[in-house]
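Asker: One file: model-v2.cif (mmCIF, C-alpha atoms and all ligand atoms).
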```cif
data_run
#
loop_
_atom_site.group_PDB
_atom_site.id
_atom_site.type_symbol
_atom_site.label_atom_id
_atom_site.label_comp_id
_atom_site.auth_asym_id
_atom_site.auth_seq_id
_atom_site.Cartn_x
_atom_site.Cartn_y
_atom_site.Cartn_z
ATOM 1 C CA MET A 1 0.000 0.000 0.000
ATOM 2 C CA ALA A 2 1.252 3.516 -0.831
ATOM 3 C CA PRO A 3 2.555 5.633 2.059
ATOM 4 C CA GLU A 4 -0.068 8.316 1.279
ATOM 5 C CA SER A 5 -2.930 5.921 1.995
ATOM 6 C CA PRO A 6 -1.972 4.106 5.200
ATOM 7 C CA SER A 7 -4.684 1.954 6.741
ATOM 8 C CA ILE A 8 -3.636 2.935 10.287
ATOM 9 C CA VAL A 9 -3.530 6.586 11.376
ATOM 10 C CA ILE A 10 -2.206 7.275 14.874
ATOM 11 C CA LEU A 11 -2.602 10.592 16.682
ATOM 12 C CA THR A 12 -0.361 11.177 19.687
ATOM 13 C CA GLY A 13 -0.290 13.897 22.341
ATOM 14 C CA ALA A 14 1.712 14.949 25.357
ATOM 15 C CA GLY A 15 0.617 11.926 27.453
ATOM 16 C CA ILE A 16 2.798 9.552 25.421
ATOM 17 C CA SER A 17 5.919 11.493 26.429
ATOM 18 C CA LYS A 18 4.977 11.945 30.102
ATOM 19 C CA GLU A 19 6.802 8.785 31.197
ATOM 20 C CA SER A 20 9.874 9.987 29.286
ATOM 21 C CA GLY A 21 10.038 12.955 31.669
ATOM 22 C CA LEU A 22 8.241 15.633 29.606
ATOM 23 C CA ASP A 23 5.276 17.510 31.049
ATOM 24 C CA THR A 24 1.760 17.433 29.656
ATOM 25 C CA PHE A 25 -0.230 20.666 29.327
ATOM 26 C CA ARG A 26 -3.591 20.289 31.032
ATOM 27 C CA ASP A 27 -2.897 17.794 33.809
ATOM 28 C CA LYS A 28 -2.877 19.139 37.388
ATOM 29 C CA ASP A 29 0.903 19.644 37.327
ATOM 30 C CA GLY A 30 0.966 20.449 33.598
ATOM 31 C CA ILE A 31 2.609 23.308 31.726
ATOM 32 C CA TRP A 32 -0.554 25.457 31.709
ATOM 33 C CA SER A 33 -0.625 25.314 35.524
ATOM 34 C CA ARG A 34 2.635 27.312 35.529
ATOM 35 C CA VAL A 35 2.373 29.687 32.559
ATOM 36 C CA ARG A 36 -0.547 31.338 30.767
ATOM 37 C CA LEU A 37 -0.950 29.882 27.285
ATOM 38 C CA GLU A 38 -1.916 33.376 26.025
ATOM 39 C CA ASP A 39 1.566 34.592 27.052
ATOM 40 C CA VAL A 40 3.659 31.836 25.466
ATOM 41 C CA ALA A 41 1.599 30.025 22.831
ATOM 42 C CA THR A 42 -0.046 32.766 20.758
ATOM 43 C CA PRO A 43 1.316 35.154 18.104
ATOM 44 C CA ALA A 44 0.106 38.052 20.281
ATOM 45 C CA GLY A 45 2.080 36.755 23.276
ATOM 46 C CA PHE A 46 5.226 36.528 21.126
ATOM 47 C CA ALA A 47 4.713 40.039 19.723
ATOM 48 C CA ALA A 48 4.215 41.445 23.227
ATOM 49 C CA ASP A 49 7.224 39.775 24.836
ATOM 50 C CA PRO A 50 9.458 37.696 22.519
ATOM 51 C CA ARG A 51 12.114 37.312 25.228
ATOM 52 C CA ARG A 52 9.632 35.588 27.538
ATOM 53 C CA VAL A 53 8.502 33.233 24.748
ATOM 54 C CA HIS A 54 12.109 32.436 23.780
ATOM 55 C CA GLY A 55 12.852 31.730 27.454
ATOM 56 C CA PHE A 56 9.895 29.325 27.693
ATOM 57 C CA TYR A 57 10.903 27.331 24.595
ATOM 58 C CA ASN A 58 14.654 27.517 25.352
ATOM 59 C CA ALA A 59 13.981 25.873 28.729
ATOM 60 C CA ARG A 60 11.833 23.156 27.122
ATOM 61 C CA ARG A 61 14.489 22.567 24.415
ATOM 62 C CA ARG A 62 17.188 22.129 27.082
ATOM 63 C CA GLY A 63 14.847 19.764 28.931
ATOM 64 C CA LEU A 64 14.327 17.671 25.790
ATOM 65 C CA LEU A 65 18.088 17.435 25.257
ATOM 66 C CA ASP A 66 18.671 16.194 28.830
ATOM 67 C CA ASP A 67 20.226 12.708 28.816
ATOM 68 C CA ALA A 68 17.455 11.408 31.075
ATOM 69 C CA VAL A 69 14.748 12.176 28.471
ATOM 70 C CA ARG A 70 14.466 9.158 26.194
ATOM 71 C CA PRO A 71 11.763 7.380 24.177
ATOM 72 C CA ASN A 72 9.683 5.045 26.361
ATOM 73 C CA ALA A 73 8.066 1.680 25.645
ATOM 74 C CA ALA A 74 5.064 3.358 23.984
ATOM 75 C CA HIS A 75 7.215 5.229 21.439
ATOM 76 C CA ARG A 76 9.152 2.034 20.763
ATOM 77 C CA ALA A 77 6.004 -0.055 20.288
ATOM 78 C CA LEU A 78 4.619 2.370 17.669
ATOM 79 C CA ALA A 79 7.938 2.238 15.796
ATOM 80 C CA GLU A 80 7.725 -1.577 15.867
ATOM 81 C CA LEU A 81 4.189 -1.380 14.492
ATOM 82 C CA GLU A 82 5.470 0.743 11.602
ATOM 83 C CA GLN A 83 8.292 -1.730 10.963
ATOM 84 C CA GLY A 84 5.824 -4.645 11.079
ATOM 85 C CA ARG A 85 3.385 -2.926 8.695
ATOM 86 C CA PRO A 86 5.685 -1.025 6.279
ATOM 87 C CA ASP A 87 4.030 1.896 4.462
ATOM 88 C CA ASP A 88 0.758 1.181 6.228
ATOM 89 C CA VAL A 89 1.087 3.449 9.274
ATOM 90 C CA LEU A 90 0.997 7.241 9.472
ATOM 91 C CA LEU A 91 1.806 8.796 12.832
ATOM 92 C CA VAL A 92 0.494 12.330 13.367
ATOM 93 C CA THR A 93 1.838 13.876 16.525
ATOM 94 C CA GLN A 94 0.823 17.065 18.289
ATOM 95 C CA ASN A 95 4.096 16.818 20.202
ATOM 96 C CA ILE A 96 7.036 19.025 19.348
ATOM 97 C CA ASP A 97 9.565 16.627 20.927
ATOM 98 C CA ASN A 98 11.589 14.165 18.801
ATOM 99 C CA LEU A 99 10.973 11.006 20.831
ATOM 100 C CA HIS A 100 9.034 9.186 18.093
ATOM 101 C CA GLU A 101 11.920 9.674 15.643
ATOM 102 C CA ARG A 102 14.439 8.624 18.265
ATOM 103 C CA ALA A 103 12.441 5.417 18.758
ATOM 104 C CA GLY A 104 12.690 4.733 15.006
ATOM 105 C CA GLN A 105 9.387 6.136 13.629
ATOM 106 C CA ARG A 106 9.798 7.291 10.016
ATOM 107 C CA ASN A 107 6.369 8.165 8.549
ATOM 108 C CA ILE A 108 5.525 11.015 10.905
ATOM 109 C CA ILE A 109 3.883 14.430 10.733
ATOM 110 C CA HIS A 110 4.539 17.015 13.461
ATOM 111 C CA MET A 111 1.312 18.977 13.065
ATOM 112 C CA HIS A 112 2.258 21.456 15.835
ATOM 113 C CA GLY A 113 5.883 21.825 14.729
ATOM 114 C CA GLU A 114 9.240 20.781 16.150
ATOM 115 C CA LEU A 115 11.124 22.157 19.138
ATOM 116 C CA LEU A 116 14.524 21.468 17.565
ATOM 117 C CA LYS A 117 13.769 23.672 14.561
ATOM 118 C CA ALA A 118 13.508 27.445 14.166
ATOM 119 C CA ARG A 119 11.734 29.518 11.560
ATOM 120 C CA CYS A 120 12.435 32.983 10.195
ATOM 121 C CA ALA A 121 9.278 35.104 10.283
ATOM 122 C CA ALA A 122 10.714 37.309 7.526
ATOM 123 C CA CYS A 123 11.659 34.757 4.834
ATOM 124 C CA GLY A 124 9.995 31.572 6.116
ATOM 125 C CA ALA A 125 13.224 29.515 6.157
ATOM 126 C CA VAL A 126 13.138 26.582 8.588
ATOM 127 C CA GLY A 127 16.357 25.158 10.011
ATOM 128 C CA GLU A 128 17.735 22.909 12.741
ATOM 129 C CA CYS A 129 17.886 24.612 16.144
ATOM 130 C CA PRO A 130 19.638 22.657 18.910
ATOM 131 C CA ASP A 131 20.570 25.848 20.815
ATOM 132 C CA ASP A 132 18.805 28.737 22.502
ATOM 133 C CA LEU A 133 16.877 31.208 20.347
ATOM 134 C CA SER A 134 17.052 34.947 21.012
ATOM 135 C CA VAL A 135 15.859 38.225 19.556
ATOM 136 C CA GLU A 136 19.478 39.011 18.618
ATOM 137 C CA LEU A 137 19.865 35.937 16.388
ATOM 138 C CA ALA A 138 20.272 36.423 12.604
ATOM 139 C CA CYS A 139 18.561 34.186 10.041
ATOM 140 C CA ALA A 140 21.082 31.957 8.236
ATOM 141 C CA ALA A 141 19.055 32.272 5.018
ATOM 142 C CA CYS A 142 18.209 35.992 4.675
ATOM 143 C CA GLY A 143 20.432 37.567 7.336
ATOM 144 C CA GLY A 144 17.500 39.344 8.992
ATOM 145 C CA VAL A 145 17.803 39.918 12.740
ATOM 146 C CA GLY A 146 14.936 39.670 15.238
ATOM 147 C CA GLY A 147 12.598 37.465 13.232
ATOM 148 C CA MET A 148 13.682 34.029 14.440
ATOM 149 C CA ARG A 149 10.940 32.097 16.265
ATOM 150 C CA PRO A 150 10.406 28.530 17.413
ATOM 151 C CA HIS A 151 9.031 26.315 14.602
ATOM 152 C CA VAL A 152 5.859 25.575 16.575
ATOM 153 C CA VAL A 153 2.158 26.163 15.912
ATOM 154 C CA TRP A 154 0.512 28.567 18.319
ATOM 155 C CA PHE A 155 -3.193 29.127 18.930
ATOM 156 C CA GLY A 156 -4.755 30.873 15.968
ATOM 157 C CA GLU A 157 -2.124 29.519 13.550
ATOM 158 C CA MET A 158 -2.711 26.818 10.970
ATOM 159 C CA PRO A 159 -1.331 23.384 11.945
ATOM 160 C CA LEU A 160 1.088 21.818 9.458
ATOM 161 C CA GLU A 161 0.397 19.347 6.631
ATOM 162 C CA MET A 162 -3.375 19.363 7.135
ATOM 163 C CA ASP A 163 -4.114 18.240 3.551
ATOM 164 C CA ARG A 164 -1.978 15.136 3.978
ATOM 165 C CA ILE A 165 -3.558 14.399 7.362
ATOM 166 C CA TYR A 166 -7.152 14.715 6.150
ATOM 167 C CA ALA A 167 -6.375 12.586 3.080
ATOM 168 C CA ALA A 168 -5.027 9.828 5.354
ATOM 169 C CA LEU A 169 -7.998 10.117 7.748
ATOM 170 C CA ALA A 170 -10.400 9.770 4.824
ATOM 171 C CA ALA A 171 -8.827 6.467 3.778
ATOM 172 C CA CYS A 172 -7.834 4.774 7.045
ATOM 173 C CA ARG A 173 -9.362 1.627 8.520
ATOM 174 C CA LEU A 174 -8.076 2.120 12.071
ATOM 175 C CA PHE A 175 -7.631 5.396 13.967
ATOM 176 C CA LEU A 176 -5.722 5.362 17.267
ATOM 177 C CA SER A 177 -5.614 8.353 19.611
ATOM 178 C CA ILE A 178 -2.915 8.144 22.279
ATOM 179 C CA GLY A 179 -2.138 10.436 25.221
ATOM 180 C CA THR A 180 -4.172 13.455 24.201
ATOM 181 C CA SER A 181 -6.912 15.223 26.177
ATOM 182 C CA GLY A 182 -8.953 16.115 23.078
ATOM 183 C CA ASN A 183 -9.146 19.801 23.953
ATOM 184 C CA VAL A 184 -7.328 21.288 20.972
ATOM 185 C CA TYR A 185 -8.736 21.486 17.443
ATOM 186 C CA PRO A 186 -8.342 20.475 14.663
ATOM 187 C CA ALA A 187 -6.652 17.374 16.195
ATOM 188 C CA ALA A 188 -9.616 16.808 18.537
ATOM 189 C CA GLY A 189 -11.855 16.494 15.462
ATOM 190 C CA PHE A 190 -9.834 13.739 13.770
ATOM 191 C CA VAL A 191 -11.764 10.924 15.445
ATOM 192 C CA ALA A 192 -15.082 12.214 14.086
ATOM 193 C CA GLU A 193 -13.505 12.650 10.650
ATOM 194 C CA ALA A 194 -12.104 9.095 10.600
ATOM 195 C CA ARG A 195 -15.484 7.681 11.676
ATOM 196 C CA LYS A 196 -17.630 9.731 9.342
ATOM 197 C CA VAL A 197 -15.537 9.800 6.168
ATOM 198 C CA ALA A 198 -13.603 6.507 6.348
ATOM 199 C CA ARG A 199 -15.920 4.543 8.664
ATOM 200 C CA ALA A 200 -12.739 3.601 10.496
ATOM 201 C CA HIS A 201 -12.593 1.684 13.765
ATOM 202 C CA THR A 202 -11.511 4.199 16.419
ATOM 203 C CA VAL A 203 -9.579 3.456 19.598
ATOM 204 C CA GLU A 204 -8.501 5.689 22.467
ATOM 205 C CA LEU A 205 -5.439 4.771 24.567
ATOM 206 C CA ASN A 206 -5.075 7.279 27.388
ATOM 207 C CA LEU A 207 -4.611 7.591 31.116
ATOM 208 C CA GLU A 208 -8.243 8.679 31.480
ATOM 209 C CA PRO A 209 -11.237 9.391 29.232
ATOM 210 C CA SER A 210 -10.564 12.367 26.955
ATOM 211 C CA GLU A 211 -13.041 15.111 26.023
ATOM 212 C CA GLY A 212 -14.114 13.099 22.981
ATOM 213 C CA ALA A 213 -14.173 9.694 24.698
ATOM 214 C CA SER A 214 -17.749 8.870 23.609
ATOM 215 C CA LEU A 215 -16.682 9.058 19.935
ATOM 216 C CA PHE A 216 -14.362 6.044 20.184
ATOM 217 C CA HIS A 217 -15.516 2.481 19.494
ATOM 218 C CA GLU A 218 -12.990 1.133 21.979
ATOM 219 C CA ALA A 219 -10.965 2.603 24.852
ATOM 220 C CA ILE A 220 -8.106 1.307 26.970
ATOM 221 C CA TYR A 221 -7.097 3.395 29.966
ATOM 222 C CA GLY A 222 -3.705 3.272 31.674
ATOM 223 C CA PRO A 223 -0.170 4.633 31.319
ATOM 224 C CA ALA A 224 0.996 4.715 27.699
ATOM 225 C CA SER A 225 4.124 2.660 28.440
ATOM 226 C CA SER A 226 1.951 -0.321 29.336
ATOM 227 C CA VAL A 227 -1.262 0.019 27.283
ATOM 228 C CA VAL A 228 0.392 0.928 23.966
ATOM 229 C CA PRO A 229 2.823 -2.060 23.806
ATOM 230 C CA GLY A 230 -0.061 -4.366 24.770
ATOM 231 C CA TYR A 231 -2.344 -3.013 22.050
ATOM 232 C CA VAL A 232 0.403 -3.042 19.383
ATOM 233 C CA ALA A 233 1.293 -6.663 20.234
ATOM 234 C CA LYS A 234 -2.349 -7.640 19.630
ATOM 235 C CA LEU A 235 -2.416 -5.787 16.299
ATOM 236 C CA LEU A 236 0.798 -7.424 15.089
ATOM 237 C CA ASP A 237 -0.405 -10.867 16.276
ATOM 238 C CA ARG A 238 -3.481 -10.503 14.075
ATOM 239 C CA ASP A 239 -1.331 -10.156 10.910
HETATM 240 C C1 LIG B 301 -1.325 10.188 29.743
HETATM 241 C C2 LIG B 301 -0.247 9.960 30.586
HETATM 242 C C3 LIG B 301 0.435 8.719 30.466
HETATM 243 C C4 LIG B 301 -1.060 11.928 31.027
HETATM 244 N N1 LIG B 301 0.027 7.825 29.569
HETATM 245 N N2 LIG B 301 -1.726 9.285 28.869
HETATM 246 C C5 LIG B 301 -13.502 27.112 19.785
HETATM 247 C C6 LIG B 301 -13.959 25.874 19.364
HETATM 248 C C7 LIG B 301 -13.164 25.048 18.582
HETATM 249 C C8 LIG B 301 -11.885 25.424 18.215
HETATM 250 C C9 LIG B 301 -11.441 26.659 18.641
HETATM 251 C C10 LIG B 301 -12.239 27.491 19.414
HETATM 252 N N3 LIG B 301 -11.529 28.613 19.683
HETATM 253 C C11 LIG B 301 -10.312 28.501 19.106
HETATM 254 C C12 LIG B 301 -10.236 27.325 18.462
HETATM 255 C C13 LIG B 301 -9.072 26.781 17.713
HETATM 256 C C14 LIG B 301 -7.916 26.443 18.646
HETATM 257 C C15 LIG B 301 -8.418 25.522 19.751
HETATM 258 O O1 LIG B 301 -8.531 24.314 19.583
HETATM 259 N N4 LIG B 301 -8.676 26.048 20.916
HETATM 260 C C16 LIG B 301 -9.225 25.217 22.005
HETATM 261 C C17 LIG B 301 -8.466 25.492 23.282
HETATM 262 C C18 LIG B 301 -10.713 25.418 22.080
HETATM 263 N N5 LIG B 301 -6.930 25.755 17.826
HETATM 264 C C19 LIG B 301 -6.018 26.416 17.122
HETATM 265 O O2 LIG B 301 -5.909 27.640 17.182
HETATM 266 C C20 LIG B 301 -5.161 25.606 16.194
HETATM 267 N N6 LIG B 301 -5.233 26.151 14.883
HETATM 268 C C21 LIG B 301 -6.375 26.180 14.179
HETATM 269 O O3 LIG B 301 -7.436 25.766 14.629
HETATM 270 O O4 LIG B 301 -6.261 26.691 12.902
HETATM 271 C C22 LIG B 301 -7.461 26.794 12.097
HETATM 272 C C23 LIG B 301 -7.875 25.491 11.445
HETATM 273 C C24 LIG B 301 -9.201 25.110 11.412
HETATM 274 C C25 LIG B 301 -9.576 23.917 10.813
HETATM 275 C C26 LIG B 301 -8.647 23.104 10.236
HETATM 276 C C27 LIG B 301 -7.328 23.489 10.267
HETATM 277 C C28 LIG B 301 -6.953 24.661 10.890
HETATM 278 C C29 LIG B 301 -3.710 25.606 16.642
HETATM 279 C C30 LIG B 301 -3.507 24.863 17.903
HETATM 280 C C31 LIG B 301 -2.063 24.998 18.384
HETATM 281 C C32 LIG B 301 -1.793 24.242 19.682
HETATM 282 N N7 LIG B 301 -0.496 24.574 20.154
HETATM 283 C C33 LIG B 301 -0.003 23.955 21.401
HETATM 284 C C34 LIG B 301 1.292 24.677 21.845
HETATM 285 C C35 LIG B 301 2.391 24.702 20.788
HETATM 286 C C36 LIG B 301 3.324 23.535 20.890
HETATM 287 C C37 LIG B 301 4.054 23.451 22.242
HETATM 288 O O5 LIG B 301 4.397 24.478 22.841
HETATM 289 O O6 LIG B 301 4.329 22.316 22.681
HETATM 290 O O7 LIG B 301 0.193 22.551 21.189
HETATM 291 S S1 LIG B 301 -1.200 24.035 22.730
HETATM 292 C C38 LIG B 301 -0.797 22.454 23.396
HETATM 293 O O8 LIG B 301 -1.998 21.649 23.334
HETATM 294 C C39 LIG B 301 0.228 21.822 22.437
HETATM 295 C C40 LIG B 301 -0.318 20.430 22.317
HETATM 296 O O9 LIG B 301 0.144 19.824 21.132
HETATM 297 C C41 LIG B 301 -1.813 20.637 22.341
HETATM 298 C C42 LIG B 301 -2.611 19.398 22.691
HETATM 299 O O10 LIG B 301 -2.345 18.982 24.008
HETATM 300 P P1 LIG B 301 -2.339 17.425 24.373
HETATM 301 O O11 LIG B 301 -1.230 16.750 23.663
HETATM 302 O O12 LIG B 301 -3.695 16.868 24.192
HETATM 303 O O13 LIG B 301 -1.914 17.488 25.907
HETATM 304 P P2 LIG B 301 -2.856 17.593 27.221
HETATM 305 O O14 LIG B 301 -1.993 18.004 28.341
HETATM 306 O O15 LIG B 301 -4.054 18.431 26.957
HETATM 307 O O16 LIG B 301 -3.386 16.103 27.442
HETATM 308 C C43 LIG B 301 -2.524 15.063 27.839
HETATM 309 C C44 LIG B 301 -3.322 13.767 28.012
HETATM 310 O O17 LIG B 301 -2.431 12.726 28.314
HETATM 311 C C45 LIG B 301 -4.364 13.829 29.156
HETATM 312 O O18 LIG B 301 -5.610 13.326 28.715
HETATM 313 C C46 LIG B 301 -3.757 12.892 30.222
HETATM 314 O O19 LIG B 301 -4.742 12.174 30.944
HETATM 315 C C47 LIG B 301 -2.939 11.951 29.386
HETATM 316 N N8 LIG B 301 -1.781 11.351 30.083
HETATM 317 N N9 LIG B 301 -0.058 10.999 31.441
HETATM 318 C C48 LIG B 301 -1.031 8.083 28.826
HETATM 319 N N10 LIG B 301 1.527 8.369 31.302
HETATM 320 ZN ZN ZN B 302 15.145 34.672 6.993
#
```
Show me, as C-alpha cells, the structure contained in the file I just sent.
Answerer:
Amino acid sequence: MAPESPSIVILTGAGISKESGLDTFRDKDGIWSRVRLEDVATPAGFAADPRRVHGFYNARRRGLLDDAVRPNAAHRALAELEQGRPDDVLLVTQNIDNLHERAGQRNIIHMHGELLKARCAACGAVGECPDDLSVELACAACGGVGGMRPHVVWFGEMPLEMDRIYAALAACRLFLSIGTSGNVYPAAGFVAEARKVARAHTVELNLEPSEGASLFHEAIYGPASSVVPGYVAKLLDRD
C-alpha cells in the first residue's frame, strides 16, 4: 500500500511522552498550571514579549536534550508497528519533541511543529535549532535579525500538513488516539472525521477518558508505556 494511503492513522499527544520525563499541558501539574498559554503560545504573546517566549521554549528545548529524556516503551512499540506494517502506518503527533523519531518512527507528521527547529518570520526559512533562540539571532538564510521564532504552531495559527492528514484520515481503517486530552482542534476532530468519512474503527489509549471519549468504538485506559505495547502486540499478532 502507498505511504499516502496508510490503513492505520495514529494521533499522539503529550501523554505519550509523560513517562519519558516531559510535562503534559492540562494535567494538574501540567505546563498550563505554571504559565498562561496566552503569554507563550499565541502570536500576540510573542509580539508582546518575545524574550519571555524564547525563554519558555529555550527551557523546554534544554529539557528535551537532557540525557534522562528518552523514548519510552510506547514510542518504541509504535515504531515496531510501523516496521511490522511497512508503508501502512501514518503517525500524526501534536508533540514538538523528537521522541518518536528517536524510537525509530519514520512516517511522521509534526502537526504542531518541532522544538529542535527554528523559523524565520521574515523569509519563512526553517532550520535545525539545537541551541537557545534569542531576539538578537540572525537568520542563516536571509540575514534578517529579530525574526527568528520557534518552529511551533501557536493558537490561531494553521497546523502543518493538514491536507496530507485529512487525506489519510479519509482512507484509514483504524484510527488510534494516544495520550491526548482532546481539547485542541483540529486534532480533537480527527476521530469524528475518521469515523464519518472513512468509517474507520476508532480506539482511544489514554490515562483517562478524553473530552471526545464517547466518539471512540474502543478505549483502553492506563499509562501509555503499558497500554500501547499491549495493544500493538495484539495488532501485530493478528497479521
Ligand atoms: C497520559 C499519561 C500517560 C497523562 N500515559 N496518557 C472554539 C472551538 C473550537 C476550536 C477553537 C475554538 N476557539 C479557538 C479554536 C481553535 C484552537 C483551539 O482548539 N482552541 C481550544 C483550546 C478550544 N486551535 C487552534 O488555534 C489551532 N489552529 C487552528 O485551529 O487553525 C485553524 C484550522 C481550522 C480547521 C482546520 C485546520 C486549521 C492551533 C492549535 C495549536 C496548539 N499549540 C499547542 C502549543 C504549541 C506547541 C508546544 O508548545 O508544545 O500545542 S497548545 C498544546 O496543546 C500543544 C499540544 O500539542 C496541544 C494538545 O495537548 P495534548 O497533547 O492533548 O496534551 P494535554 O496536556 O491536553 O493532554 C494530555 C493527556 O495525556 C491527558 O488526557 C492525560 O490524561 C494523558 N496522560 N499521562 C497516557 N503516562
Ligand atoms: Zn530569513
Asker: Evaluate the PyMOL selection byres (((chain A and resi 152-156) around 12) and not hetatm) on the structure here and hand back the selected residues as a ChimeraX atom specification.
Answerer: /A:37-46,53-54,57,94-97,110-121,126,148-151,157-161,184-186
Asker: Residues contacting ligand ZN 302 (chain B) - anything with an atom at most 9 Å away, using all atoms listed in the file - can you give me those as a list in words?
Answerer: Arg119, Cys120, Ala121, Ala122, Cys123, Gly124, Ala125, Val126, Ala138, Cys139, Ala140, Ala141, Cys142, Gly143, Gly144, Val145, Gly147 and Met148 of chain A
Asker: Would you mind telling me which residue in A:Arg199, A:Ala103, A:Val35, A:Gly189 lies nearest to Ala171 in chain A when using all atoms listed in the file?
Answerer: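 Ranking A:Arg199, A:Ala103, A:Val35, A:Gly189 by distance to Ala171 in chain A, first place goes to A:Arg199.
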Asker: Find the axis-aligned box for ligand LIG 301 (chain B), covering all its listed atoms and adding 8 Å on each side, and write its centre and edge lengths in Å to one decimal as lines of an AutoDock Vina configuration file.
Answerer:
```
center_x = -4.8
center_y = 18.2
center_z = 20.8
size_x = 34.4
size_y = 36.8
size_z = 37.2
```
Asker: Could you tell me which residues the PyMOL selection byres (((chain A and resi 8) around 6) and not hetatm) grabs in this file, written as a VMD selection string?
Answerer: chain A and resid 6 to 7 9 89 172 174 to 175
Asker: Find, counting only C-alpha atoms and all ligand atoms, the residue in A:Arg238, A:Arg34, A:Arg102, A:Arg60 that gets nearest to ligand LIG 301 (chain B).
Answerer: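 Residue with the minimum atom-to-atom distance to ligand LIG 301 (chain B): A:Arg60.
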Asker: Write out as a tab-separated table the residues of range 138-231 of chain A that have any atom within 10 Å of an atom of range 70-73 of chain A, one row each with the nearest atom pair and its distance in Å to one decimal, counting only C-alpha atoms, sorted by chain and then rising number.
Answerer:
```
residue	atom	partner	partner_atom	distance
A:Ala224	CA	A:Ala73	CA	8.0
A:Ser225	CA	A:Ala73	CA	4.9
A:Ser226	CA	A:Ala73	CA	7.4
A:Val227	CA	A:Ala73	CA	9.6
A:Val228	CA	A:Ala73	CA	7.9
A:Pro229	CA	A:Ala73	CA	6.7
```
Asker: Apply the PyMOL selection byres (((chain A and resi 210) around 12) and not hetatm) to the file shown and report the selected residues as a PyMOL selection string.
Answerer: chain A and resi 13+15+26-27+177-184+188+191+203-209+211-216+219-221
Asker: From the list A:Ala77, A:Leu235, A:Val135, A:Met162, which residue is nearest ligand LIG 301 (chain B) when using all atoms listed in the file?
Answerer: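 Closest residue, counting all atoms listed in the file: A:Met162.
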Asker: Take CA of Ile31 in chain A and CA of Ile165 in chain A and report the distance between them in Å, one decimal.
Answerer: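 CA of Ile31 in chain A sits 26.7 Å away from CA of Ile165 in chain A.
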Asker: Would you mind telling me which residue in A:Glu218, A:Glu136, A:Glu82, A:Glu193 lies nearest to ligand LIG 301 (chain B) when using only C-alpha atoms and all ligand atoms?
Answerer: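 Using only C-alpha atoms and all ligand atoms, the shortest distance to ligand LIG 301 (chain B) belongs to A:Glu193.
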Asker: Counting all atoms listed in the file, which of A:Ala170, A:Leu236, A:Leu22, A:Leu11 gets nearest to Arg62 in chain A?
Answerer: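 When distances to Arg62 in chain A are compared using all atoms listed in the file, the smallest one comes from A:Leu22.
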Asker: Nearest to ligand LIG 301 (chain B) among A:Asp88, A:Asp49, A:Asp163, A:Glu128, with distances taken over only C-alpha atoms and all ligand atoms: which residue is it?
Answerer: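 Between A:Asp88, A:Asp49, A:Asp163, A:Glu128, the residue approaching ligand LIG 301 (chain B) most closely is A:Asp163.
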Asker: What's the separation between atom C34 of ligand LIG 301 (chain B) and CA of Gly30 in chain A, in Å to one decimal place?
Answerer: 12.5 Å
Asker: What does the structure give for the distance between atom C4 of ligand LIG 301 (chain B) and CA of Pro223 in chain A, in Å to one decimal?
Answerer: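 About the pair atom C4 of ligand LIG 301 (chain B) and CA of Pro223 in chain A: they are 7.4 Å apart.
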Asker: Do you know which residues are at most 9 Å from Arg106 in chain A counting all atoms listed in the file, after dropping those on the same chain fewer than 6 positions away, and could you put them as a PyMOL selection string?
Answerer: chain A and resi 79+82+90-91+100
